[in-house]
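Chemist: Got data_4.pdb for you, PDB, C-alpha atoms:
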ATOM      1  CA  MET L 113       5.149  29.957 -18.858  1.00  0.00           C
ATOM      2  CA  ALA L 114       3.068  27.550 -16.829  1.00  0.00           C
ATOM      3  CA  GLU L 115       3.482  24.960 -19.579  1.00  0.00           C
ATOM      4  CA  ALA L 116       7.268  25.502 -19.608  1.00  0.00           C
ATOM      5  CA  ASN L 117       7.335  24.881 -15.858  1.00  0.00           C
ATOM      6  CA  ARG L 118       5.172  21.785 -16.197  1.00  0.00           C
ATOM      7  CA  LEU L 119       7.379  20.232 -18.871  1.00  0.00           C
ATOM      8  CA  HIS L 120      10.619  21.021 -17.058  1.00  0.00           C
ATOM      9  CA  PHE L 121       9.509  19.656 -13.711  1.00  0.00           C
ATOM     10  CA  ASN L 122       8.002  16.579 -15.325  1.00  0.00           C
ATOM     11  CA  GLU L 123      11.520  15.838 -16.579  1.00  0.00           C
ATOM     12  CA  GLU L 124      13.096  16.646 -13.199  1.00  0.00           C
ATOM     13  CA  ALA L 125      10.703  14.706 -10.967  1.00  0.00           C
ATOM     14  CA  ALA L 126      12.593  11.392 -10.955  1.00  0.00           C
ATOM     15  CA  VAL L 127      15.908  12.957  -9.903  1.00  0.00           C
ATOM     16  CA  TYR L 128      14.766  16.096  -8.083  1.00  0.00           C
ATOM     17  CA  ASP L 129      15.227  14.841  -4.523  1.00  0.00           C
ATOM     18  CA  SER L 130      18.679  13.395  -5.161  1.00  0.00           C
ATOM     19  CA  LYS L 131      19.859  16.550  -6.964  1.00  0.00           C
ATOM     20  CA  HIS L 132      18.639  18.827  -4.191  1.00  0.00           C
ATOM     21  CA  SER L 133      19.108  16.616  -1.134  1.00  0.00           C
ATOM     22  CA  ARG L 134      21.427  19.008   0.710  1.00  0.00           C
ATOM     23  CA  LEU L 135      19.167  21.982   0.090  1.00  0.00           C
ATOM     24  CA  ASN L 136      16.118  20.014   1.218  1.00  0.00           C
ATOM     25  CA  GLU L 137      17.890  18.862   4.394  1.00  0.00           C
ATOM     26  CA  ARG L 138      19.019  22.416   5.202  1.00  0.00           C
ATOM     27  CA  LEU L 139      15.540  23.849   4.643  1.00  0.00           C
ATOM     28  CA  THR L 140      13.925  21.125   6.731  1.00  0.00           C
ATOM     29  CA  GLU L 141      16.275  21.906   9.628  1.00  0.00           C
ATOM     30  CA  GLU L 142      15.680  25.644   9.329  1.00  0.00           C
ATOM     31  CA  ILE L 143      11.891  25.262   9.202  1.00  0.00           C
ATOM     32  CA  GLN L 144      11.721  22.839  12.120  1.00  0.00           C
ATOM     33  CA  ALA L 145      13.907  25.186  14.185  1.00  0.00           C
ATOM     34  CA  ARG L 146      11.369  27.996  13.667  1.00  0.00           C
ATOM     35  CA  LEU L 147       8.084  26.388  14.698  1.00  0.00           C
ATOM     36  CA  ASP L 148       7.339  29.109  17.246  1.00  0.00           C
ATOM     37  CA  TRP L 149       8.222  31.822  14.737  1.00  0.00           C
ATOM     38  CA  ILE L 150       5.928  30.282  12.110  1.00  0.00           C
ATOM     39  CA  GLY L 151       3.175  30.647  14.680  1.00  0.00           C
ATOM     40  CA  VAL L 152       0.794  27.761  14.081  1.00  0.00           C
ATOM     41  CA  ASP L 153      -0.903  25.937  16.970  1.00  0.00           C
ATOM     42  CA  TRP L 154       0.742  22.653  16.043  1.00  0.00           C
ATOM     43  CA  ALA L 155      -0.698  19.159  16.488  1.00  0.00           C
ATOM     44  CA  ASN L 156       1.712  17.922  19.163  1.00  0.00           C
ATOM     45  CA  THR L 157       0.606  15.112  21.466  1.00  0.00           C
ATOM     46  CA  ASP L 158       1.684  13.783  24.840  1.00  0.00           C
ATOM     47  CA  ASP L 159       3.494  10.777  23.351  1.00  0.00           C
ATOM     48  CA  GLU L 160       5.701  12.896  21.073  1.00  0.00           C
ATOM     49  CA  ASP L 161       9.076  14.189  22.156  1.00  0.00           C
ATOM     50  CA  GLU L 162       9.710  17.856  22.897  1.00  0.00           C
ATOM     51  CA  ASP L 163      10.353  18.573  19.220  1.00  0.00           C
ATOM     52  CA  GLY L 164       6.967  17.187  18.224  1.00  0.00           C
ATOM     53  CA  ILE L 165       8.395  14.066  16.595  1.00  0.00           C
ATOM     54  CA  ARG L 166       6.835  10.710  17.429  1.00  0.00           C
ATOM     55  CA  PRO L 167       9.269   7.964  18.476  1.00  0.00           C
ATOM     56  CA  GLU L 168       9.874   5.580  15.589  1.00  0.00           C
ATOM     57  CA  GLY L 169       7.599   2.553  15.536  1.00  0.00           C
ATOM     58  CA  GLU L 170       4.962   3.936  17.879  1.00  0.00           C
ATOM     59  CA  PRO L 171       1.407   4.106  16.525  1.00  0.00           C
ATOM     60  CA  GLN L 172      -0.167   7.480  15.908  1.00  0.00           C
ATOM     61  CA  SER L 173      -2.914   8.470  18.330  1.00  0.00           C
ATOM     62  CA  THR L 174      -5.334  10.606  16.349  1.00  0.00           C
ATOM     63  CA  GLN L 175      -7.691  11.185  19.271  1.00  0.00           C
ATOM     64  CA  SER L 176      -5.226  13.401  21.171  1.00  0.00           C
ATOM     65  CA  ARG L 177      -3.938  15.251  18.112  1.00  0.00           C
ATOM     66  CA  ARG L 178      -5.264  18.711  17.403  1.00  0.00           C
ATOM     67  CA  GLU L 179      -6.262  18.934  13.721  1.00  0.00           C
ATOM     68  CA  VAL L 180      -3.804  21.045  11.745  1.00  0.00           C
ATOM     69  CA  ARG L 181      -4.237  21.119   7.957  1.00  0.00           C
ATOM     70  CA  LEU L 182      -1.452  22.125   5.563  1.00  0.00           C
ATOM     71  CA  LEU L 183      -1.829  23.254   1.941  1.00  0.00           C
ATOM     72  CA  ASP L 184       1.453  22.788   0.060  1.00  0.00           C
ATOM     73  CA  TYR L 185       1.235  24.720  -3.238  1.00  0.00           C
ATOM     74  CA  ALA L 186       3.803  24.090  -5.989  1.00  0.00           C
ATOM     75  CA  CYS L 187       4.501  21.121  -3.742  1.00  0.00           C
ATOM     76  CA  GLY L 188       6.967  19.304  -5.978  1.00  0.00           C
ATOM     77  CA  THR L 189       7.964  16.036  -4.343  1.00  0.00           C
ATOM     78  CA  GLY L 190       6.749  17.295  -0.957  1.00  0.00           C
ATOM     79  CA  MET L 191       9.689  18.752   0.967  1.00  0.00           C
ATOM     80  CA  MET L 192       7.523  21.323   2.777  1.00  0.00           C
ATOM     81  CA  SER L 193       4.877  18.713   3.594  1.00  0.00           C
ATOM     82  CA  ARG L 194       7.460  16.298   4.987  1.00  0.00           C
ATOM     83  CA  ALA L 195       9.252  18.999   6.990  1.00  0.00           C
ATOM     84  CA  LEU L 196       6.004  19.889   8.755  1.00  0.00           C
ATOM     85  CA  ALA L 197       4.436  16.419   8.843  1.00  0.00           C
ATOM     86  CA  PRO L 198       5.334  15.755  12.511  1.00  0.00           C
ATOM     87  CA  TYR L 199       3.351  18.838  13.500  1.00  0.00           C
ATOM     88  CA  THR L 200       0.295  18.562  11.229  1.00  0.00           C
ATOM     89  CA  THR L 201      -2.500  16.039  10.757  1.00  0.00           C
ATOM     90  CA  GLN L 202      -3.123  16.493   7.039  1.00  0.00           C
ATOM     91  CA  SER L 203      -1.031  17.717   4.094  1.00  0.00           C
ATOM     92  CA  VAL L 204      -2.642  18.502   0.735  1.00  0.00           C
ATOM     93  CA  GLY L 205      -0.299  19.179  -2.174  1.00  0.00           C
ATOM     94  CA  ILE L 206      -1.059  20.933  -5.455  1.00  0.00           C
ATOM     95  CA  ASP L 207       1.382  21.114  -8.357  1.00  0.00           C
ATOM     96  CA  ILE L 208       1.172  21.815 -12.072  1.00  0.00           C
ATOM     97  CA  SER L 209       3.512  18.876 -12.842  1.00  0.00           C
ATOM     98  CA  GLU L 210       1.806  15.511 -12.902  1.00  0.00           C
ATOM     99  CA  ASN L 211       5.146  13.727 -12.443  1.00  0.00           C
ATOM    100  CA  MET L 212       5.949  15.771  -9.346  1.00  0.00           C
ATOM    101  CA  VAL L 213       2.505  14.925  -7.961  1.00  0.00           C
ATOM    102  CA  ALA L 214       3.156  11.244  -8.634  1.00  0.00           C
ATOM    103  CA  ALA L 215       6.507  11.454  -6.805  1.00  0.00           C
ATOM    104  CA  TYR L 216       4.866  13.271  -3.866  1.00  0.00           C
ATOM    105  CA  ASN L 217       2.181  10.609  -3.556  1.00  0.00           C
ATOM    106  CA  SER L 218       4.656   7.753  -3.961  1.00  0.00           C
ATOM    107  CA  ARG L 219       6.819   9.087  -1.129  1.00  0.00           C
ATOM    108  CA  ALA L 220       3.767   9.544   1.104  1.00  0.00           C
ATOM    109  CA  GLU L 221       2.595   6.000   0.371  1.00  0.00           C
ATOM    110  CA  ASN L 222       6.071   4.606   1.035  1.00  0.00           C
ATOM    111  CA  GLN L 223       5.990   6.306   4.446  1.00  0.00           C
ATOM    112  CA  GLY L 224       2.784   4.433   5.250  1.00  0.00           C
ATOM    113  CA  LEU L 225       0.605   7.553   5.104  1.00  0.00           C
ATOM    114  CA  SER L 226      -2.998   7.404   3.965  1.00  0.00           C
ATOM    115  CA  GLN L 227      -4.436   9.799   1.391  1.00  0.00           C
ATOM    116  CA  ASP L 228      -6.266  11.537   4.211  1.00  0.00           C
ATOM    117  CA  GLU L 229      -2.903  12.256   5.844  1.00  0.00           C
ATOM    118  CA  MET L 230      -0.822  13.293   2.804  1.00  0.00           C
ATOM    119  CA  HIS L 231      -1.898  13.469  -0.821  1.00  0.00           C
ATOM    120  CA  ALA L 232      -1.335  15.733  -3.822  1.00  0.00           C
ATOM    121  CA  VAL L 233      -3.340  16.588  -6.937  1.00  0.00           C
ATOM    122  CA  VAL L 234      -2.486  18.245 -10.234  1.00  0.00           C
ATOM    123  CA  GLY L 235      -3.660  21.831 -10.364  1.00  0.00           C
ATOM    124  CA  ASN L 236      -2.927  25.501 -11.000  1.00  0.00           C
ATOM    125  CA  LEU L 237      -4.534  27.984  -8.626  1.00  0.00           C
ATOM    126  CA  THR L 238      -3.767  31.003 -10.800  1.00  0.00           C
ATOM    127  CA  ALA L 239      -5.286  29.806 -14.085  1.00  0.00           C
ATOM    128  CA  PRO L 240      -8.916  28.793 -14.658  1.00  0.00           C
ATOM    129  CA  ASP L 241      -7.814  26.575 -17.560  1.00  0.00           C
ATOM    130  CA  GLY L 242      -5.157  24.710 -15.578  1.00  0.00           C
ATOM    131  CA  PRO L 243      -4.499  20.968 -15.866  1.00  0.00           C
ATOM    132  CA  GLN L 244      -7.053  20.103 -13.180  1.00  0.00           C
ATOM    133  CA  HIS L 245     -10.774  20.739 -13.458  1.00  0.00           C
ATOM    134  CA  ALA L 246     -11.849  23.837 -11.517  1.00  0.00           C
ATOM    135  CA  GLU L 247     -14.602  21.776  -9.893  1.00  0.00           C
ATOM    136  CA  LEU L 248     -12.016  19.740  -7.974  1.00  0.00           C
ATOM    137  CA  LEU L 249     -10.190  22.711  -6.487  1.00  0.00           C
ATOM    138  CA  SER L 250     -13.519  24.350  -5.561  1.00  0.00           C
ATOM    139  CA  ASP L 251     -14.319  21.402  -3.291  1.00  0.00           C
ATOM    140  CA  PRO L 252     -14.579  22.451   0.392  1.00  0.00           C
ATOM    141  CA  ARG L 253     -11.675  20.140   1.326  1.00  0.00           C
ATOM    142  CA  PHE L 254      -9.352  22.539  -0.513  1.00  0.00           C
ATOM    143  CA  PHE L 255     -10.253  25.392   1.862  1.00  0.00           C
ATOM    144  CA  GLY L 256      -9.991  26.159   5.560  1.00  0.00           C
ATOM    145  CA  PHE L 257      -6.283  25.346   5.994  1.00  0.00           C
ATOM    146  CA  ASP L 258      -4.308  26.317   9.089  1.00  0.00           C
ATOM    147  CA  ILE L 259      -1.105  26.882   7.112  1.00  0.00           C
ATOM    148  CA  ALA L 260      -0.336  27.248   3.405  1.00  0.00           C
ATOM    149  CA  THR L 261       3.169  27.027   1.962  1.00  0.00           C
ATOM    150  CA  ILE L 262       5.051  27.706  -1.249  1.00  0.00           C
ATOM    151  CA  GLY L 263       8.539  26.219  -1.248  1.00  0.00           C
ATOM    152  CA  GLY L 264      10.835  27.749  -3.867  1.00  0.00           C
ATOM    153  CA  GLY L 265       8.012  28.365  -6.303  1.00  0.00           C
ATOM    154  CA  LEU L 266       7.394  32.109  -6.345  1.00  0.00           C
ATOM    155  CA  HIS L 267      10.326  32.880  -8.656  1.00  0.00           C
ATOM    156  CA  HIS L 268       8.810  30.533 -11.266  1.00  0.00           C
ATOM    157  CA  PHE L 269       5.357  32.155 -11.287  1.00  0.00           C
ATOM    158  CA  THR L 270       4.290  34.697 -13.877  1.00  0.00           C
ATOM    159  CA  ASP L 271       2.386  36.542 -11.152  1.00  0.00           C
ATOM    160  CA  PRO L 272       3.648  35.600  -7.660  1.00  0.00           C
ATOM    161  CA  GLU L 273       1.401  38.245  -6.090  1.00  0.00           C
ATOM    162  CA  LEU L 274      -1.685  36.515  -7.503  1.00  0.00           C
ATOM    163  CA  ALA L 275      -0.418  33.138  -6.294  1.00  0.00           C
ATOM    164  CA  VAL L 276      -0.246  34.410  -2.709  1.00  0.00           C
ATOM    165  CA  VAL L 277      -3.745  35.902  -3.030  1.00  0.00           C
ATOM    166  CA  ARG L 278      -5.099  32.531  -4.174  1.00  0.00           C
ATOM    167  CA  LEU L 279      -3.307  30.793  -1.313  1.00  0.00           C
ATOM    168  CA  VAL L 280      -4.666  33.125   1.361  1.00  0.00           C
ATOM    169  CA  GLU L 281      -8.190  32.585   0.037  1.00  0.00           C
ATOM    170  CA  ARG L 282      -7.843  28.948   1.088  1.00  0.00           C
ATOM    171  CA  LEU L 283      -6.728  29.663   4.655  1.00  0.00           C
ATOM    172  CA  ARG L 284      -9.030  29.775   7.648  1.00  0.00           C
ATOM    173  CA  PRO L 285      -9.160  33.143   9.451  1.00  0.00           C
ATOM    174  CA  GLY L 286      -5.929  33.431  11.430  1.00  0.00           C
ATOM    175  CA  GLY L 287      -4.162  30.923   9.194  1.00  0.00           C
ATOM    176  CA  VAL L 288      -0.482  31.334   8.274  1.00  0.00           C
ATOM    177  CA  VAL L 289       1.293  31.679   4.925  1.00  0.00           C
ATOM    178  CA  LEU L 290       4.884  30.380   4.876  1.00  0.00           C
ATOM    179  CA  VAL L 291       7.234  30.623   1.884  1.00  0.00           C
ATOM    180  CA  TRP L 292      10.875  30.105   1.141  1.00  0.00           C
ATOM    181  CA  ASP L 293      12.611  31.570  -1.888  1.00  0.00           C
ATOM    182  CA  PHE L 294      15.761  33.349  -3.026  1.00  0.00           C
ATOM    183  CA  SER L 295      16.816  36.877  -2.178  1.00  0.00           C
ATOM    184  CA  PRO L 296      17.569  39.139  -5.197  1.00  0.00           C
ATOM    185  CA  HIS L 297      20.506  37.965  -7.332  1.00  0.00           C
ATOM    186  CA  GLY L 298      21.832  38.186 -10.870  1.00  0.00           C
ATOM    187  CA  PRO L 299      20.688  35.837 -13.645  1.00  0.00           C
ATOM    188  CA  MET L 300      21.888  32.258 -13.341  1.00  0.00           C
ATOM    189  CA  HIS L 301      23.573  31.203 -16.571  1.00  0.00           C
ATOM    190  CA  GLY L 302      21.635  28.316 -18.068  1.00  0.00           C
ATOM    191  CA  HIS L 303      19.044  28.411 -15.296  1.00  0.00           C
ATOM    192  CA  GLY L 304      16.375  30.726 -16.580  1.00  0.00           C
ATOM    193  CA  GLY L 305      15.395  29.972 -20.146  1.00  0.00           C
ATOM    194  CA  HIS L 306      14.266  26.381 -20.279  1.00  0.00           C
ATOM    195  CA  HIS L 307      12.170  26.227 -17.145  1.00  0.00           C
ATOM    196  CA  ALA L 308      10.736  29.704 -16.777  1.00  0.00           C
ATOM    197  CA  VAL L 309      12.657  31.342 -13.950  1.00  0.00           C
ATOM    198  CA  LEU L 310      10.907  34.681 -14.227  1.00  0.00           C
ATOM    199  CA  HIS L 311      12.192  36.498 -11.138  1.00  0.00           C
ATOM    200  CA  HIS L 312      15.838  36.641 -10.079  1.00  0.00           C
ATOM    201  CA  GLY L 313      15.002  36.578  -6.418  1.00  0.00           C
ATOM    202  CA  LEU L 314      12.478  38.575  -4.384  1.00  0.00           C
ATOM    203  CA  SER L 315      13.167  41.526  -2.109  1.00  0.00           C
ATOM    204  CA  GLU L 316      11.781  41.770   1.412  1.00  0.00           C
ATOM    205  CA  GLU L 317       9.806  44.840   0.342  1.00  0.00           C
ATOM    206  CA  ARG L 318       8.134  42.962  -2.490  1.00  0.00           C
ATOM    207  CA  VAL L 319       7.323  39.925  -0.354  1.00  0.00           C
ATOM    208  CA  ARG L 320       5.889  42.113   2.404  1.00  0.00           C
ATOM    209  CA  ALA L 321       3.737  43.968  -0.150  1.00  0.00           C
ATOM    210  CA  MET L 322       2.423  40.730  -1.699  1.00  0.00           C
ATOM    211  CA  PHE L 323       1.491  39.353   1.740  1.00  0.00           C
ATOM    212  CA  GLU L 324      -0.276  42.603   2.641  1.00  0.00           C
ATOM    213  CA  ARG L 325      -2.128  42.732  -0.677  1.00  0.00           C
ATOM    214  CA  ALA L 326      -3.300  39.138  -0.152  1.00  0.00           C
ATOM    215  CA  GLY L 327      -4.595  39.895   3.344  1.00  0.00           C
ATOM    216  CA  ALA L 328      -1.821  38.065   5.209  1.00  0.00           C
ATOM    217  CA  GLY L 329       0.273  40.995   6.368  1.00  0.00           C
ATOM    218  CA  LYS L 330      -0.410  40.543  10.077  1.00  0.00           C
ATOM    219  CA  GLY L 331       2.748  39.573  11.931  1.00  0.00           C
ATOM    220  CA  PHE L 332       4.782  39.589   8.708  1.00  0.00           C
ATOM    221  CA  SER L 333       8.366  38.511   9.247  1.00  0.00           C
ATOM    222  CA  LEU L 334      11.193  37.548   6.892  1.00  0.00           C
ATOM    223  CA  GLU L 335      14.393  35.812   7.920  1.00  0.00           C
ATOM    224  CA  VAL L 336      17.446  35.233   5.726  1.00  0.00           C
ATOM    225  CA  LEU L 337      19.051  31.853   6.361  1.00  0.00           C
ATOM    226  CA  GLY L 338      22.651  32.364   7.369  1.00  0.00           C
ATOM    227  CA  SER L 339      25.322  32.450   4.689  1.00  0.00           C
ATOM    228  CA  GLY L 340      23.102  31.059   1.934  1.00  0.00           C
ATOM    229  CA  VAL L 341      23.018  27.764   0.072  1.00  0.00           C
ATOM    230  CA  SER L 342      25.070  26.188  -2.693  1.00  0.00           C
ATOM    231  CA  LEU L 343      23.426  25.428  -6.016  1.00  0.00           C
ATOM    232  CA  GLY L 344      24.984  23.284  -8.741  1.00  0.00           C
ATOM    233  CA  HIS L 345      24.018  23.676 -12.404  1.00  0.00           C
ATOM    234  CA  GLY L 346      24.772  21.933 -15.609  1.00  0.00           C
ATOM    235  CA  GLU L 347      23.784  18.513 -16.890  1.00  0.00           C
ATOM    236  CA  HIS L 348      23.486  15.875 -14.132  1.00  0.00           C
ATOM    237  CA  GLY L 349      24.142  18.585 -11.522  1.00  0.00           C
ATOM    238  CA  GLU L 350      27.691  19.234 -12.711  1.00  0.00           C
ATOM    239  CA  GLY L 351      29.239  22.569 -13.649  1.00  0.00           C
ATOM    240  CA  GLU L 352      29.211  25.950 -11.927  1.00  0.00           C
ATOM    241  CA  ILE L 353      28.450  26.084  -8.205  1.00  0.00           C
ATOM    242  CA  LEU L 354      26.609  29.201  -7.081  1.00  0.00           C
ATOM    243  CA  ARG L 355      25.699  30.462  -3.632  1.00  0.00           C
ATOM    244  CA  ARG L 356      22.346  32.100  -3.129  1.00  0.00           C
ATOM    245  CA  GLN L 357      20.724  33.733  -0.142  1.00  0.00           C
ATOM    246  CA  VAL L 358      17.513  31.990   0.906  1.00  0.00           C
ATOM    247  CA  PHE L 359      14.762  33.501   3.032  1.00  0.00           C
ATOM    248  CA  LEU L 360      11.744  32.279   4.937  1.00  0.00           C
ATOM    249  CA  ALA L 361       8.732  34.593   5.218  1.00  0.00           C
ATOM    250  CA  ARG L 362       5.520  34.243   7.185  1.00  0.00           C
ATOM    251  CA  GLY L 363       2.322  36.223   7.704  1.00  0.00           C
ATOM    252  CA  GLU L 364      -1.179  35.681   9.075  1.00  0.00           C
ATOM    253  CA  LYS L 365      -4.582  36.025   7.497  1.00  0.00           C
ATOM    254  CA  ALA L 366      -6.804  38.405   9.406  1.00  0.00           C
ATOM    255  CA  ALA L 367      -9.024  36.605  11.903  1.00  0.00           C
TER     256      ALA L 367
END
Translate the structure of the given file into structure tokens.

Modeler:
Amino acid sequence: MAEANRLHFNEEAAVYDSKHSRLNERLTEEIQARLDWIGVDWANTDDEDEDGIRPEGEPQSTQSRREVRLLDYACGTGMMSRALAPYTTQSVGIDISENMVAAYNSRAENQGLSQDEMHAVVGNLTAPDGPQHAELLSDPRFFGFDIATIGGGLHHFTDPELAVVRLVERLRPGGVVLVWDFSPHGPMHGHGGHHAVLHHGLSEERVRAMFERAGAGKGFSLEVLGSGVSLGHGEHGEGEILRRQVFLARGEKAA
């Protein structure tokens, strides 16, 4: 199933952002509106505005910024990293798709960010024989994160519970796990076979249990985002339009 995901998202990488622009914009707004709820001690500085966003064109002052490191797993092109970039000092992405990783890094470079600020690598945290050598992901720089995210990836994983366990292992004590995904729904016609959608949404009970099993059950909270989101399917994004409920969930690793 991991290989099916890799092949599908390699094909999707070049058009992914344009196909899902409205969803990405909605999720970015919802995440940035919940910074207090997420519960990280963000890297705001005196020369940022009240929302933590630096005025355009002003240089970044690293001396006054509190270090906040983000691990973005199943990062894709980097929506979660970009949504939280104004409030973090480093984003590290990991994805099984080499083309998604290339798109992530290209967007970061185009934004003028250094590799120390935002960079992704190819990898699979749940398989020892993944596409990236285990030695790379065992490097200390892939541990000790303040926040770890999975954006829309859990329903693609063979074992989402194991994925959350592996993510929590890479958090510092007191670090936060943040995910978005779909609430339970019926099968999407044409959506599940060719790119390994293995779970037709996730219930709050299941998400709570996977956070608790992984050691990130402290302060668990799940919020459903309003009336849901619209999803288009079919070739080139045409065809049936479906609405799906989306949730955000967060929990803390024991200190």

Chemist: Go through the shown structure with the PyMOL selection byres ((chain L and resi 140-146) around 10) and write out the matching residues as a list in words.

Modeler: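 So the PyMOL selection byres ((chain L and resi 140-146) around 10), applied here, picks out Arg134, Leu135, Asn136, Glu137, Arg138, Leu139, Leu147, Asp148, Trp149, Ile150, Gly151, Asp163, Gly164, Met191, Met192, Ser193, Arg194, Ala195, Leu196, Pro198, Tyr199, Leu290, Trp292, Leu337, Gly338 and Leu360 of chain L.
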
Chemist: For L:Leu283, list every protein, DNA or RNA residue within 10 Å, evaluated using all atoms listed in the file, and leave out those in the same chain fewer than 4 positions away; present the list as a ChimeraX atom specification.

Modeler: /L:181-183,254-260,278-279,287-289,328,364-366

Chemist: If we count only C-alpha atoms and set the cut-off at 9 Å, which residues sit around L:Val319, ignoring sequence neighbours fewer than 4 positions away in its own chain? Please answer as a ChimeraX atom specification.

Modeler: /L:273,314-315,323-324,334,361

Chemist: Can you pull out every residue within 9 Å of L:Glu229, counting all atoms listed in the file, but drop anything in the same chain fewer than 5 positions away, and send it as a list in words?

Modeler: Ala197, Thr200, Thr201, Gln202, Ser203, Val204 and Ala220 of chain L

Chemist: Just write the chosen residues, C-alpha atoms, as a tab-separated table (two decimals), in the coordinates of the input.

Modeler:
chain	number	residue	atom	x	y	z
L	197	ALA	CA	4.44	16.42	8.84
L	200	THR	CA	0.30	18.56	11.23
L	201	THR	CA	-2.50	16.04	10.76
L	202	GLN	CA	-3.12	16.49	7.04
L	203	SER	CA	-1.03	17.72	4.09
L	204	VAL	CA	-2.64	18.50	0.74
L	220	ALA	CA	3.77	9.54	1.10

Chemist: Would you mind telling me which residue in L:Glu115, L:Ile206, L:Ala215, L:Asn222 lies nearest to L:Leu248 when using only C-alpha atoms?

Modeler: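 Looking at the shortest contact to L:Leu248, the residue is L:Ile206.
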
Chemist: Stretch 213-228 of chain L, all listed atoms, 4 Å padding on each side: what axis-aligned box centre and edge lengths in Å to one decimal come out, as AutoDock Vina command-line options?

Modeler:
--center_x 0.3 --center_y 9.7 --center_z -1.7 --size_x 21.1 --size_y 18.5 --size_z 21.9

Chemist: Could you expand the PyMOL selection byres ((chain L and resi 358) around 8) into the explicit residues it covers here, written as a PyMOL selection string?

Modeler: chain L and resi 292-295+336-337+340-341+356-357+359-360

Chemist: Using the selection just defined, write its residues with C-alpha atoms as a short mmCIF file (atom, residue, chain, number, x, y, z; two decimals), in the frame of the given file.

Modeler:
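Now in part_35.cif:
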data_model
loop_
_atom_site.label_atom_id
_atom_site.label_comp_id
_atom_site.auth_asym_id
_atom_site.auth_seq_id
_atom_site.Cartn_x
_atom_site.Cartn_y
_atom_site.Cartn_z
CA TRP L 292 10.88 30.10 1.14
CA ASP L 293 12.61 31.57 -1.89
CA PHE L 294 15.76 33.35 -3.03
CA SER L 295 16.82 36.88 -2.18
CA VAL L 336 17.45 35.23 5.73
CA LEU L 337 19.05 31.85 6.36
CA GLY L 340 23.10 31.06 1.93
CA VAL L 341 23.02 27.76 0.07
CA ARG L 356 22.35 32.10 -3.13
CA GLN L 357 20.72 33.73 -0.14
CA PHE L 359 14.76 33.50 3.03
CA LEU L 360 11.74 32.28 4.94
#

Chemist: Quick one: distance from atom CA of L:Glu179 to atom CA of L:Val280 in Å, one decimal?

Modeler: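 So the answer is 18.9 Å.
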
Chemist: In Å, rounded to a single decimal, give me how far atom CA of L:Phe332 is from atom CA of L:Gly264.

Modeler: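 Between atom CA of L:Gly264 and atom CA of L:Phe332 the gap is 18.3 Å.
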
Chemist: Enter the distance from atom CA of L:Val276 to atom CA of L:Ile262, in Å, rounded to one decimal.

Modeler: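 That distance, rounded to one decimal, is 8.7 Å.
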